[in-house]
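Asks: model_7.cif is the file, holding mmCIF, C-alpha atoms and all ligand atoms:
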```
data_coords
#
loop_
_atom_site.label_atom_id
_atom_site.label_comp_id
_atom_site.auth_asym_id
_atom_site.auth_seq_id
_atom_site.Cartn_x
_atom_site.Cartn_y
_atom_site.Cartn_z
CA MET L 1 -43.51 175.74 144.75
CA ASP L 2 -46.81 174.31 145.92
CA ALA L 3 -48.46 177.30 147.58
CA THR L 4 -50.94 174.99 149.33
CA THR L 5 -48.36 173.01 151.34
CA SER L 6 -48.75 173.80 155.03
CA MET L 7 -45.89 173.54 157.51
CA THR L 8 -47.95 174.92 160.38
CA GLY L 9 -46.97 173.19 163.62
CA LYS L 10 -43.62 172.02 162.17
CA THR L 11 -40.20 173.15 163.33
CA VAL L 12 -37.33 173.43 160.86
CA LEU L 13 -33.66 174.13 161.55
CA ILE L 14 -31.71 175.55 158.60
CA THR L 15 -27.95 175.94 158.86
CA GLY L 16 -26.74 179.11 157.15
CA GLY L 17 -30.12 180.78 156.94
CA THR L 18 -28.60 184.27 157.02
CA GLY L 19 -27.83 184.45 153.32
CA GLY L 20 -27.93 182.76 149.93
CA ILE L 21 -29.95 179.60 149.37
CA GLY L 22 -30.54 178.98 153.09
CA ARG L 23 -32.13 182.38 153.62
CA ALA L 24 -34.43 181.85 150.62
CA ALA L 25 -35.40 178.40 151.97
CA ALA L 26 -36.13 180.00 155.35
CA ILE L 27 -38.48 182.56 153.75
CA ALA L 28 -40.31 179.83 151.80
CA LEU L 29 -40.72 177.48 154.77
CA ALA L 30 -41.73 180.28 157.15
CA SER L 31 -44.27 181.41 154.52
CA MET L 32 -45.80 177.90 154.76
CA GLY L 33 -46.24 178.41 158.51
CA ALA L 34 -43.19 176.56 159.92
CA ARG L 35 -41.29 177.78 162.96
CA VAL L 36 -37.81 178.28 161.45
CA GLY L 37 -34.46 178.39 163.22
CA ILE L 38 -31.57 179.85 161.26
CA THR L 39 -27.87 179.76 162.08
CA GLY L 40 -25.11 182.23 161.34
CA ARG L 41 -21.69 183.16 162.72
CA ASP L 42 -22.46 186.74 163.65
CA ARG L 43 -25.38 187.62 165.98
CA PRO L 44 -26.26 191.09 164.63
CA ARG L 45 -26.17 189.77 161.03
CA ALA L 46 -28.27 186.73 161.98
CA GLU L 47 -30.80 188.85 163.87
CA ALA L 48 -31.14 191.24 160.94
CA ALA L 49 -31.66 188.24 158.61
CA ALA L 50 -34.27 186.73 160.96
CA ALA L 51 -36.17 190.04 161.06
CA ALA L 52 -36.12 190.22 157.25
CA ILE L 53 -37.26 186.57 156.93
CA ALA L 54 -40.12 187.23 159.39
CA ARG L 55 -41.11 190.35 157.46
CA GLU L 56 -40.94 188.75 154.02
CA SER L 57 -42.79 185.58 155.09
CA GLY L 58 -45.32 187.29 157.35
CA ASN L 59 -44.39 184.72 160.04
CA PRO L 60 -42.77 186.04 163.24
CA ALA L 61 -41.65 182.53 164.37
CA VAL L 62 -38.03 182.83 163.22
CA ASP L 63 -35.29 182.02 165.75
CA VAL L 64 -31.58 182.77 165.68
CA PHE L 65 -28.75 180.42 166.65
CA VAL L 66 -25.17 181.66 166.50
CA ALA L 67 -22.35 179.22 165.70
CA ASP L 68 -19.30 178.83 163.49
CA LEU L 69 -19.93 175.33 162.19
CA SER L 70 -16.29 174.81 161.24
CA SER L 71 -15.65 174.31 164.97
CA GLN L 72 -16.86 171.03 166.49
CA ALA L 73 -17.21 172.68 169.93
CA GLU L 74 -19.56 175.22 168.35
CA VAL L 75 -21.55 172.51 166.56
CA ARG L 76 -21.96 170.76 169.93
CA ARG L 77 -23.01 173.99 171.65
CA LEU L 78 -25.46 174.72 168.80
CA ALA L 79 -27.00 171.24 169.11
CA GLY L 80 -27.43 171.74 172.86
CA GLU L 81 -29.17 175.09 172.30
CA VAL L 82 -31.45 173.63 169.63
CA LEU L 83 -32.41 170.69 171.88
CA ALA L 84 -33.18 173.13 174.71
CA ALA L 85 -35.24 175.42 172.45
CA TYR L 86 -37.14 172.87 170.37
CA PRO L 87 -39.12 170.06 172.04
CA ARG L 88 -39.69 168.69 168.53
CA LEU L 89 -37.71 168.98 165.31
CA ASP L 90 -39.43 168.01 162.07
CA VAL L 91 -36.79 169.02 159.53
CA LEU L 92 -33.04 169.54 159.68
CA LEU L 93 -31.81 171.30 156.53
CA ASN L 94 -28.02 170.96 156.40
CA ASN L 95 -27.36 173.82 154.01
CA VAL L 96 -24.02 175.43 154.96
CA GLY L 97 -21.11 174.76 152.67
CA GLY L 98 -18.32 176.66 151.04
CA PHE L 99 -15.32 176.67 148.73
CA TRP L 100 -11.77 177.73 149.58
CA ALA L 101 -9.17 178.14 146.87
CA HIS L 102 -6.37 177.69 149.42
CA ARG L 103 -5.99 175.23 152.26
CA HIS L 104 -7.12 176.58 155.65
CA ALA L 105 -7.13 174.79 159.00
CA THR L 106 -10.08 174.99 161.40
CA ALA L 107 -9.89 175.54 165.18
CA ASP L 108 -9.74 171.71 165.43
CA GLY L 109 -6.76 171.55 163.06
CA LEU L 110 -8.84 169.98 160.27
CA GLU L 111 -9.02 171.07 156.62
CA HIS L 112 -11.78 173.69 156.38
CA THR L 113 -13.76 172.34 153.39
CA PHE L 114 -14.02 168.80 154.73
CA ALA L 115 -14.73 170.06 158.26
CA LEU L 116 -17.45 172.56 157.35
CA ASN L 117 -19.09 170.88 154.36
CA HIS L 118 -19.08 167.28 155.61
CA LEU L 119 -18.09 166.84 159.26
CA ALA L 120 -20.34 169.68 160.54
CA PRO L 121 -23.58 168.25 159.09
CA PHE L 122 -22.43 164.74 160.08
CA LEU L 123 -21.95 165.83 163.72
CA LEU L 124 -24.98 168.12 163.94
CA THR L 125 -27.27 165.44 162.50
CA GLY L 126 -25.85 162.85 164.89
CA LEU L 127 -26.46 165.11 167.89
CA LEU L 128 -30.05 165.96 166.83
CA LEU L 129 -31.06 162.50 165.66
CA ASP L 130 -32.84 161.37 168.84
CA ARG L 131 -35.01 164.51 168.72
CA LEU L 132 -35.75 163.94 165.02
CA MET L 133 -36.65 160.29 165.68
CA ALA L 134 -38.91 161.34 168.56
CA SER L 135 -40.61 163.79 166.16
CA ALA L 136 -41.08 161.25 163.33
CA PRO L 137 -42.08 161.51 160.59
CA ALA L 138 -39.10 163.83 160.23
CA ARG L 139 -36.64 164.71 157.47
CA VAL L 140 -32.91 165.35 157.18
CA VAL L 141 -32.17 167.25 153.97
CA THR L 142 -28.56 167.97 153.00
CA VAL L 143 -27.41 170.39 150.31
CA SER L 144 -24.72 168.86 148.14
CA SER L 145 -23.81 170.01 144.61
CA GLY L 146 -23.50 168.74 141.06
CA ALA L 147 -19.78 168.82 141.91
CA GLN L 148 -20.36 165.51 143.75
CA GLY L 149 -20.25 163.92 140.29
CA MET L 150 -16.56 164.84 139.98
CA GLY L 151 -15.74 163.84 143.57
CA ARG L 152 -13.36 161.22 144.87
CA ILE L 153 -12.95 160.30 148.53
CA ASP L 154 -9.19 160.24 149.02
CA PHE L 155 -8.92 158.18 152.20
CA ASP L 156 -5.11 158.50 152.04
CA ASP L 157 -5.24 162.30 152.12
CA LEU L 158 -8.76 163.32 153.23
CA MET L 159 -7.55 166.67 154.56
CA GLY L 160 -5.41 167.65 151.56
CA GLU L 161 -2.24 167.65 153.67
CA ARG L 162 -0.06 166.26 150.91
CA LYS L 163 -1.75 168.03 148.03
CA TYR L 164 -4.57 170.59 148.19
CA SER L 165 -6.82 171.74 145.37
CA GLY L 166 -9.88 173.85 146.26
CA GLN L 167 -11.93 172.16 143.55
CA ALA L 168 -10.93 168.61 144.54
CA ALA L 169 -11.62 169.38 148.22
CA TYR L 170 -15.04 170.80 147.35
CA ASN L 171 -15.93 167.90 145.04
CA GLN L 172 -14.87 165.40 147.72
CA SER L 173 -16.91 167.15 150.43
CA LYS L 174 -20.02 167.22 148.24
CA LEU L 175 -19.65 163.53 147.36
CA ALA L 176 -19.28 162.94 151.12
CA ASN L 177 -22.68 164.69 151.60
CA VAL L 178 -24.25 162.15 149.24
CA MET L 179 -22.53 159.14 150.82
CA PHE L 180 -23.46 160.38 154.31
CA THR L 181 -27.10 160.67 153.25
CA TYR L 182 -27.25 157.19 151.73
CA GLU L 183 -25.64 155.58 154.77
CA LEU L 184 -27.85 157.62 157.12
CA ALA L 185 -30.96 156.53 155.21
CA ARG L 186 -29.92 152.87 155.61
CA ARG L 187 -29.29 153.33 159.32
CA LEU L 188 -32.64 155.13 159.79
CA GLU L 189 -34.74 152.50 158.03
CA GLY L 190 -37.96 151.95 159.97
CA THR L 191 -37.56 155.02 162.21
CA GLY L 192 -39.79 157.37 160.20
CA VAL L 193 -36.85 159.77 159.64
CA THR L 194 -35.84 160.20 156.01
CA ALA L 195 -32.56 161.45 154.55
CA THR L 196 -32.28 163.09 151.15
CA VAL L 197 -29.59 165.13 149.43
CA LEU L 198 -29.66 167.62 146.57
CA HIS L 199 -28.01 169.84 144.02
CA PRO L 200 -29.57 173.32 144.18
CA GLY L 201 -28.36 174.42 140.73
CA VAL L 202 -25.89 177.20 140.01
CA THR L 203 -27.27 180.07 142.07
CA SER L 204 -26.34 183.72 142.51
CA THR L 205 -25.21 183.98 146.16
CA GLY L 206 -22.09 184.92 148.12
CA PHE L 207 -20.78 181.38 147.57
CA GLY L 208 -16.97 181.06 147.47
CA ALA L 209 -16.38 184.74 148.20
CA GLU L 210 -14.21 184.18 151.30
CA ASP L 211 -11.27 182.78 149.29
CA MET L 212 -11.98 182.85 145.59
CA ALA L 213 -9.78 181.15 143.01
CA ARG L 214 -7.86 183.54 140.74
CA GLY L 215 -9.89 184.51 137.69
CA TRP L 216 -13.21 183.41 139.20
CA GLY L 217 -14.40 186.94 140.15
CA PRO L 218 -14.75 188.24 136.57
CA LEU L 219 -16.06 184.85 135.38
CA ILE L 220 -18.79 184.81 138.04
CA ALA L 221 -19.70 188.43 137.23
CA VAL L 222 -20.29 187.43 133.59
CA MET L 223 -22.27 184.31 134.58
CA ARG L 224 -24.36 185.94 137.34
CA PRO L 225 -27.30 187.02 135.14
CA PHE L 226 -27.67 183.40 133.97
CA MET L 227 -27.63 181.90 137.47
CA LYS L 228 -30.71 180.95 139.47
CA THR L 229 -32.03 183.47 141.98
CA PRO L 230 -31.69 182.29 145.61
CA ALA L 231 -35.45 181.61 145.68
CA ARG L 232 -35.14 179.31 142.66
CA GLY L 233 -31.96 177.75 144.06
CA ALA L 234 -33.87 176.92 147.25
CA GLU L 235 -36.74 175.16 145.47
CA THR L 236 -35.39 171.60 145.74
CA SER L 237 -34.41 172.10 149.41
CA VAL L 238 -37.90 173.42 150.16
CA TYR L 239 -39.55 170.61 148.17
CA LEU L 240 -37.64 167.91 150.08
CA ALA L 241 -38.26 169.66 153.41
CA SER L 242 -41.98 170.17 152.97
CA SER L 243 -43.70 168.48 150.04
CA PRO L 244 -46.19 165.69 150.76
CA ASP L 245 -44.81 164.11 147.55
CA ALA L 246 -41.43 163.74 149.30
CA GLU L 247 -42.94 162.11 152.39
CA GLY L 248 -41.23 158.76 153.04
CA VAL L 249 -38.70 159.29 150.23
CA THR L 250 -35.26 158.43 151.53
CA GLY L 251 -31.72 157.69 150.39
CA ARG L 252 -32.10 159.63 147.13
CA TYR L 253 -30.23 162.47 145.38
CA PHE L 254 -32.33 165.25 143.77
CA ALA L 255 -31.90 168.13 141.36
CA ASN L 256 -34.71 170.37 140.09
CA ARG L 257 -37.06 168.49 142.45
CA LYS L 258 -36.46 165.22 140.57
CA ALA L 259 -34.59 162.15 141.81
CA LYS L 260 -31.33 161.68 139.87
CA GLU L 261 -28.45 159.25 139.82
CA SER L 262 -25.42 160.39 141.82
CA HIS L 263 -21.75 159.48 141.37
CA LYS L 264 -21.42 155.72 140.96
CA SER L 265 -19.06 155.44 143.94
CA SER L 266 -21.83 156.81 146.19
CA TYR L 267 -23.66 153.48 145.73
CA ASP L 268 -20.67 151.51 146.98
CA MET L 269 -21.77 150.47 150.45
CA ALA L 270 -18.26 149.54 151.57
CA THR L 271 -17.02 153.07 150.77
CA THR L 272 -19.98 154.81 152.41
CA ALA L 273 -19.55 152.65 155.52
CA ARG L 274 -15.83 153.42 155.61
CA LEU L 275 -16.46 157.16 155.27
CA TRP L 276 -19.01 156.96 158.09
CA GLN L 277 -16.51 155.17 160.32
CA VAL L 278 -13.72 157.69 159.62
CA SER L 279 -16.09 160.65 160.09
CA ALA L 280 -17.43 159.30 163.37
CA GLY L 281 -13.85 158.99 164.61
CA LEU L 282 -13.03 162.56 163.56
CA VAL L 283 -16.02 164.06 165.41
CA GLY L 284 -16.05 161.66 168.38
CA LEU L 285 -19.44 160.03 167.77
CA PRO L 286 -20.00 156.29 168.28
CA VAL L 287 -19.62 154.48 164.94
CA ASP L 288 -22.65 152.24 165.42
CA ALA L 289 -25.19 155.03 166.10
CA PRO L 290 -27.89 155.12 164.97
CA HIS L 291 -29.16 151.60 164.46
N1 LIG I 301 -24.51 178.85 144.98
C1 LIG I 301 -24.36 177.82 144.15
O1 LIG I 301 -24.27 177.96 142.90
C2 LIG I 301 -24.29 176.41 144.67
C3 LIG I 301 -24.20 175.36 143.74
C4 LIG I 301 -24.14 174.05 144.23
C5 LIG I 301 -24.21 173.81 145.58
N2 LIG I 301 -24.29 174.85 146.46
C6 LIG I 301 -24.37 174.54 147.90
O2 LIG I 301 -25.46 175.25 148.46
C7 LIG I 301 -25.21 175.49 149.86
C8 LIG I 301 -25.53 176.93 150.17
O3 LIG I 301 -24.66 177.74 149.42
P1 LIG I 301 -24.90 179.29 149.10
O4 LIG I 301 -24.63 179.45 147.65
O5 LIG I 301 -26.19 179.75 149.67
O6 LIG I 301 -23.64 179.90 149.87
P2 LIG I 301 -23.42 181.23 150.65
O7 LIG I 301 -24.20 182.36 150.06
O8 LIG I 301 -21.94 181.39 150.77
O9 LIG I 301 -24.01 180.81 152.09
C9 LIG I 301 -23.90 181.66 153.08
C10 LIG I 301 -24.46 181.05 154.38
O10 LIG I 301 -23.54 180.09 154.93
C11 LIG I 301 -23.23 180.52 156.25
N3 LIG I 301 -21.88 180.10 156.64
C12 LIG I 301 -20.76 180.19 155.90
N4 LIG I 301 -19.70 179.72 156.61
C13 LIG I 301 -20.18 179.32 157.81
C14 LIG I 301 -19.59 178.76 158.97
N5 LIG I 301 -18.28 178.52 159.06
N6 LIG I 301 -20.39 178.46 160.01
C15 LIG I 301 -21.71 178.74 159.95
N7 LIG I 301 -22.32 179.26 158.88
C16 LIG I 301 -21.56 179.56 157.83
C17 LIG I 301 -23.39 182.02 156.19
O11 LIG I 301 -23.60 182.52 157.48
P3 LIG I 301 -22.86 183.83 158.07
O12 LIG I 301 -21.98 184.40 156.99
O13 LIG I 301 -23.99 184.74 158.46
O14 LIG I 301 -22.10 183.29 159.22
C18 LIG I 301 -24.62 182.18 155.33
O15 LIG I 301 -25.80 181.96 156.06
C19 LIG I 301 -23.77 175.08 150.10
O16 LIG I 301 -23.75 173.81 150.71
C20 LIG I 301 -23.16 175.00 148.70
O17 LIG I 301 -22.10 174.07 148.64
C21 LIG I 301 -24.33 176.15 146.03
#
```
Go through the file and emit its structure as structure tokens.
Ligand SMILES: NC(=O)c1ccc[n+]([C@@H]2O[C@H](COP(=O)([O-])OP(=O)(O)OC[C@H]3O[C@@H](n4cnc5c(N)ncnc54)[C@H](OP(=O)(O)O)[C@@H]3O)[C@@H](O)[C@H]2O)c1
Replies:
Amino acid sequence: MDATTSMTGKTVLITGGTGGIGRAAAIALASMGARVGITGRDRPRAEAAAAAIARESGNPAVDVFVADLSSQAEVRRLAGEVLAAYPRLDVLLNNVGGFWAHRHATADGLEHTFALNHLAPFLLTGLLLDRLMASAPARVVTVSSGAQGMGRIDFDDLMGERKYSGQAAYNQSKLANVMFTYELARRLEGTGVTATVLHPGVTSTGFGAEDMARGWGPLIAVMRPFMKTPARGAETSVYLASSPDAEGVTGRYFANRKAKESHKSSYDMATTARLWQVSAGLVGLPVDAPH
């Protein structure tokens, strides 16, 4: 990471900054001088994480927001609290995402993977977009996965009601992150707000632990020493959130801080527009915003 990059005077919101890749990104960005807001589901855990991030970065400007992003009401409350707390927002890092081996329904009756990994960042970004535009140049960075390359948007069964596979649901949600970013970038042209998306690399975190597929536990234990540390896994997120080299770069997918091709269907503008329309309907945002 470029130790000379300064984020002093910038405000960054990171979803899921209490652990894993998000927490490591929070430490890096706070170390560069940014005011950093982190989110988590549990206040004591989030406050302990914020204290540790402040200590490790030497920057006391770390704020806590508490929300379960699988619930749209909580995403809306979170957005309201962020707008009240932050007169400007320079970077939104949509980091939260997870894997569930079995199908679970959210408080809104939606499939958990699609709701948390795709609809939550879609809704949160939509609700914070005016503030980002007013703070331009600003950046929306979304954490996808290499799994996007195996994804397929199943418009006939988006929520896995007929057939659920944890891997297919995850792949679909991560492809949706890429399509969302590309469509967002098109819609934000000329506003000074960029949208990029990334694969962090296979990283040793608590990822997938809530409902792990059978056989994965021992496999992950064997692989763990070969995985990236959270700090290394956060490098591309931090690069896209802060680097002067990434200024103005929009509508691109990155891995290891380099622009890469994403799944070929992600370049299909009719599919990305359709996904946007369906997503807007599912979260109750106007389809045509933003222009
Ligand atoms: N790890 C990898 O190898 C890997 C590879 C490719 C892509 N990714 C992507 O990288 C991103 C970060 O993953 P990670 O590995 O850092 O995962 P992780 O360790 O499981 O992330 C944990 C963070 O997510 C938060 N979180 C989980 N469920 C939440 C919910 N319902 N509402 C709000 N926050 C929630 C946790 O907050 P609390 O528990 O405090 O509420 C915590 O801050 C994800 O989008 C993932 O898909 C990871």
Asks: As JSON, please: the centre and edge lengths in Å, to one decimal, of an axis-aligned box enclosing every listed atom of ligand LIG 301 (chain I) with 3 Å added on each side.
Replies:
```
{"center_x": -22.2, "center_y": 179.3, "center_z": 151.5, "size_x": 13.9, "size_y": 16.9, "size_z": 23.1}
```
Asks: Between atom CA of Leu29 of chain L and atom CA of Val12 of chain L, what distance in Å does the model show, to one decimal?
Replies: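 Separation of atom CA of Leu29 of chain L and atom CA of Val12 of chain L: 8.1 Å.
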Asks: Residues at most 8 Å from ligand LIG 301 (chain I), using all atoms listed in the file? Could they come as a short mmCIF file (atom, residue, chain, number, x, y, z; two decimals) with C-alpha atoms, in the frame of the given file?
Replies:
```
data_model
loop_
_atom_site.label_atom_id
_atom_site.label_comp_id
_atom_site.auth_asym_id
_atom_site.auth_seq_id
_atom_site.Cartn_x
_atom_site.Cartn_y
_atom_site.Cartn_z
CA THR L 15 -27.95 175.94 158.86
CA GLY L 16 -26.74 179.11 157.15
CA GLY L 17 -30.12 180.78 156.94
CA THR L 18 -28.60 184.27 157.02
CA GLY L 19 -27.83 184.45 153.32
CA GLY L 20 -27.93 182.76 149.93
CA ILE L 21 -29.95 179.60 149.37
CA GLY L 22 -30.54 178.98 153.09
CA ARG L 23 -32.13 182.38 153.62
CA THR L 39 -27.87 179.76 162.08
CA GLY L 40 -25.11 182.23 161.34
CA ARG L 41 -21.69 183.16 162.72
CA ASP L 42 -22.46 186.74 163.65
CA ARG L 45 -26.17 189.77 161.03
CA ALA L 46 -28.27 186.73 161.98
CA VAL L 66 -25.17 181.66 166.50
CA ALA L 67 -22.35 179.22 165.70
CA ASP L 68 -19.30 178.83 163.49
CA LEU L 69 -19.93 175.33 162.19
CA SER L 70 -16.29 174.81 161.24
CA SER L 71 -15.65 174.31 164.97
CA ASN L 94 -28.02 170.96 156.40
CA ASN L 95 -27.36 173.82 154.01
CA VAL L 96 -24.02 175.43 154.96
CA GLY L 97 -21.11 174.76 152.67
CA GLY L 98 -18.32 176.66 151.04
CA PHE L 99 -15.32 176.67 148.73
CA LEU L 116 -17.45 172.56 157.35
CA ASN L 117 -19.09 170.88 154.36
CA THR L 142 -28.56 167.97 153.00
CA VAL L 143 -27.41 170.39 150.31
CA SER L 144 -24.72 168.86 148.14
CA SER L 145 -23.81 170.01 144.61
CA GLY L 146 -23.50 168.74 141.06
CA ALA L 147 -19.78 168.82 141.91
CA TYR L 170 -15.04 170.80 147.35
CA LYS L 174 -20.02 167.22 148.24
CA HIS L 199 -28.01 169.84 144.02
CA PRO L 200 -29.57 173.32 144.18
CA GLY L 201 -28.36 174.42 140.73
CA VAL L 202 -25.89 177.20 140.01
CA THR L 203 -27.27 180.07 142.07
CA SER L 204 -26.34 183.72 142.51
CA THR L 205 -25.21 183.98 146.16
CA GLY L 206 -22.09 184.92 148.12
CA PHE L 207 -20.78 181.38 147.57
CA GLY L 208 -16.97 181.06 147.47
CA ALA L 209 -16.38 184.74 148.20
CA MET L 227 -27.63 181.90 137.47
CA LYS L 228 -30.71 180.95 139.47
CA PRO L 230 -31.69 182.29 145.61
CA GLY L 233 -31.96 177.75 144.06
#
```
Asks: From the list L:Arg76, L:Glu111, L:Glu247, L:Ser242, which residue is nearest Thr125 of chain L when using only C-alpha atoms?
Replies: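 Closest candidate: L:Arg76.
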Asks: Between atom CA of Arg88 of chain L and atom CA of Trp276 of chain L, what distance in Å does the model show, to one decimal?
Replies: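 Spanning atom CA of Arg88 of chain L to atom CA of Trp276 of chain L is a straight-line distance of 26.0 Å.
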Asks: Could you tell me how far atom CA of Ala51 of chain L sits from atom CA of Pro225 of chain L, in Å to one decimal place?
Replies: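 Separation of atom CA of Pro225 of chain L and atom CA of Ala51 of chain L: 27.6 Å.
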Asks: If you count all atoms listed in the file, which residues fall within 9 Å of Ser135 of chain L, apart from same-chain ones fewer than 5 positions away, as a ChimeraX atom specification?
Replies: /L:87-90,130,192-193
Asks: Pick from L:Ala26, L:Met212, L:Leu78, L:Val91: nearest to Leu129 of chain L, with all atoms listed in the file counted?
Replies: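 Between L:Ala26, L:Met212, L:Leu78, L:Val91, the residue approaching Leu129 of chain L most closely is L:Val91.
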Asks: So, with all atoms listed in the file as the atoms that count, which of L:Ser31, L:Thr272, L:Thr181, L:Thr236 lies closest to Asn256 of chain L?
Replies: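 Checking each candidate against Asn256 of chain L, we get L:Thr236 as the closest.
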Asks: So, counting all atoms listed in the file, which residue among L:Tyr253, L:Phe65, L:Trp216, L:Tyr86 is closest to Met179 of chain L?
Replies: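 Closest to Met179 of chain L, using all atoms listed in the file: L:Tyr253.
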Asks: I need the residue nearest Ala24 of chain L from this list: L:Met269, L:Ala234, L:Val197, L:Ala185. Use only C-alpha atoms for the distance.
Replies: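 With only C-alpha atoms as the atom set, the closest residue is L:Ala234.
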Asks: Please, could all heavy atoms be added to segment 196-203 of chain L and the result written as a PDB file, in the coordinates of the input?
Replies:
```
ATOM      1  N   THR L 196     -32.440 162.830 152.587  1.00  0.00           N
ATOM      2  CA  THR L 196     -32.280 163.090 151.150  1.00  0.00           C
ATOM      3  C   THR L 196     -31.204 164.150 150.953  1.00  0.00           C
ATOM      4  O   THR L 196     -30.828 164.857 151.891  1.00  0.00           O
ATOM      5  CB  THR L 196     -33.615 163.577 150.518  1.00  0.00           C
ATOM      6  OG1 THR L 196     -34.115 164.662 151.298  1.00  0.00           O
ATOM      7  CG2 THR L 196     -34.636 162.468 150.452  1.00  0.00           C
ATOM      8  N   VAL L 197     -30.719 164.257 149.720  1.00  0.00           N
ATOM      9  CA  VAL L 197     -29.590 165.130 149.430  1.00  0.00           C
ATOM     10  C   VAL L 197     -29.831 165.738 148.046  1.00  0.00           C
ATOM     11  O   VAL L 197     -30.514 165.122 147.217  1.00  0.00           O
ATOM     12  CB  VAL L 197     -28.258 164.321 149.516  1.00  0.00           C
ATOM     13  CG1 VAL L 197     -28.215 163.146 148.565  1.00  0.00           C
ATOM     14  CG2 VAL L 197     -27.025 165.202 149.348  1.00  0.00           C
ATOM     15  N   LEU L 198     -29.281 166.927 147.803  1.00  0.00           N
ATOM     16  CA  LEU L 198     -29.660 167.620 146.570  1.00  0.00           C
ATOM     17  C   LEU L 198     -28.583 168.515 146.008  1.00  0.00           C
ATOM     18  O   LEU L 198     -27.674 168.957 146.706  1.00  0.00           O
ATOM     19  CB  LEU L 198     -30.904 168.491 146.863  1.00  0.00           C
ATOM     20  CG  LEU L 198     -30.648 169.672 147.804  1.00  0.00           C
ATOM     21  CD1 LEU L 198     -30.787 171.000 147.067  1.00  0.00           C
ATOM     22  CD2 LEU L 198     -31.570 169.615 149.008  1.00  0.00           C
ATOM     23  N   HIS L 199     -28.756 168.789 144.726  1.00  0.00           N
ATOM     24  CA  HIS L 199     -28.010 169.840 144.020  1.00  0.00           C
ATOM     25  C   HIS L 199     -28.978 170.999 143.813  1.00  0.00           C
ATOM     26  O   HIS L 199     -30.042 170.804 143.208  1.00  0.00           O
ATOM     27  CB  HIS L 199     -27.510 169.302 142.672  1.00  0.00           C
ATOM     28  CG  HIS L 199     -26.971 170.362 141.767  1.00  0.00           C
ATOM     29  ND1 HIS L 199     -26.046 171.301 142.192  1.00  0.00           N
ATOM     30  CD2 HIS L 199     -27.226 170.656 140.456  1.00  0.00           C
ATOM     31  CE1 HIS L 199     -25.749 172.117 141.179  1.00  0.00           C
ATOM     32  NE2 HIS L 199     -26.450 171.747 140.131  1.00  0.00           N
ATOM     33  N   PRO L 200     -28.618 172.200 144.307  1.00  0.00           N
ATOM     34  CA  PRO L 200     -29.570 173.320 144.180  1.00  0.00           C
ATOM     35  C   PRO L 200     -29.577 173.958 142.797  1.00  0.00           C
ATOM     36  O   PRO L 200     -30.506 174.690 142.458  1.00  0.00           O
ATOM     37  CB  PRO L 200     -29.061 174.326 145.213  1.00  0.00           C
ATOM     38  CG  PRO L 200     -27.598 174.044 145.353  1.00  0.00           C
ATOM     39  CD  PRO L 200     -27.423 172.565 145.083  1.00  0.00           C
ATOM     40  N   GLY L 201     -28.530 173.701 141.998  1.00  0.00           N
ATOM     41  CA  GLY L 201     -28.360 174.420 140.730  1.00  0.00           C
ATOM     42  C   GLY L 201     -27.432 175.607 140.963  1.00  0.00           C
ATOM     43  O   GLY L 201     -27.254 176.051 142.096  1.00  0.00           O
ATOM     44  N   VAL L 202     -26.839 176.081 139.887  1.00  0.00           N
ATOM     45  CA  VAL L 202     -25.890 177.200 140.010  1.00  0.00           C
ATOM     46  C   VAL L 202     -26.694 178.462 140.337  1.00  0.00           C
ATOM     47  O   VAL L 202     -27.568 178.869 139.572  1.00  0.00           O
ATOM     48  CB  VAL L 202     -25.074 177.364 138.711  1.00  0.00           C
ATOM     49  CG1 VAL L 202     -24.130 178.547 138.826  1.00  0.00           C
ATOM     50  CG2 VAL L 202     -24.294 176.086 138.423  1.00  0.00           C
ATOM     51  N   THR L 203     -26.407 179.042 141.487  1.00  0.00           N
ATOM     52  CA  THR L 203     -27.270 180.070 142.070  1.00  0.00           C
ATOM     53  C   THR L 203     -26.460 181.310 142.434  1.00  0.00           C
ATOM     54  O   THR L 203     -25.332 181.193 142.941  1.00  0.00           O
ATOM     55  CB  THR L 203     -27.948 179.483 143.335  1.00  0.00           C
ATOM     56  OG1 THR L 203     -28.610 178.261 142.975  1.00  0.00           O
ATOM     57  CG2 THR L 203     -28.958 180.442 143.930  1.00  0.00           C
TER      58      THR L 203
END
```
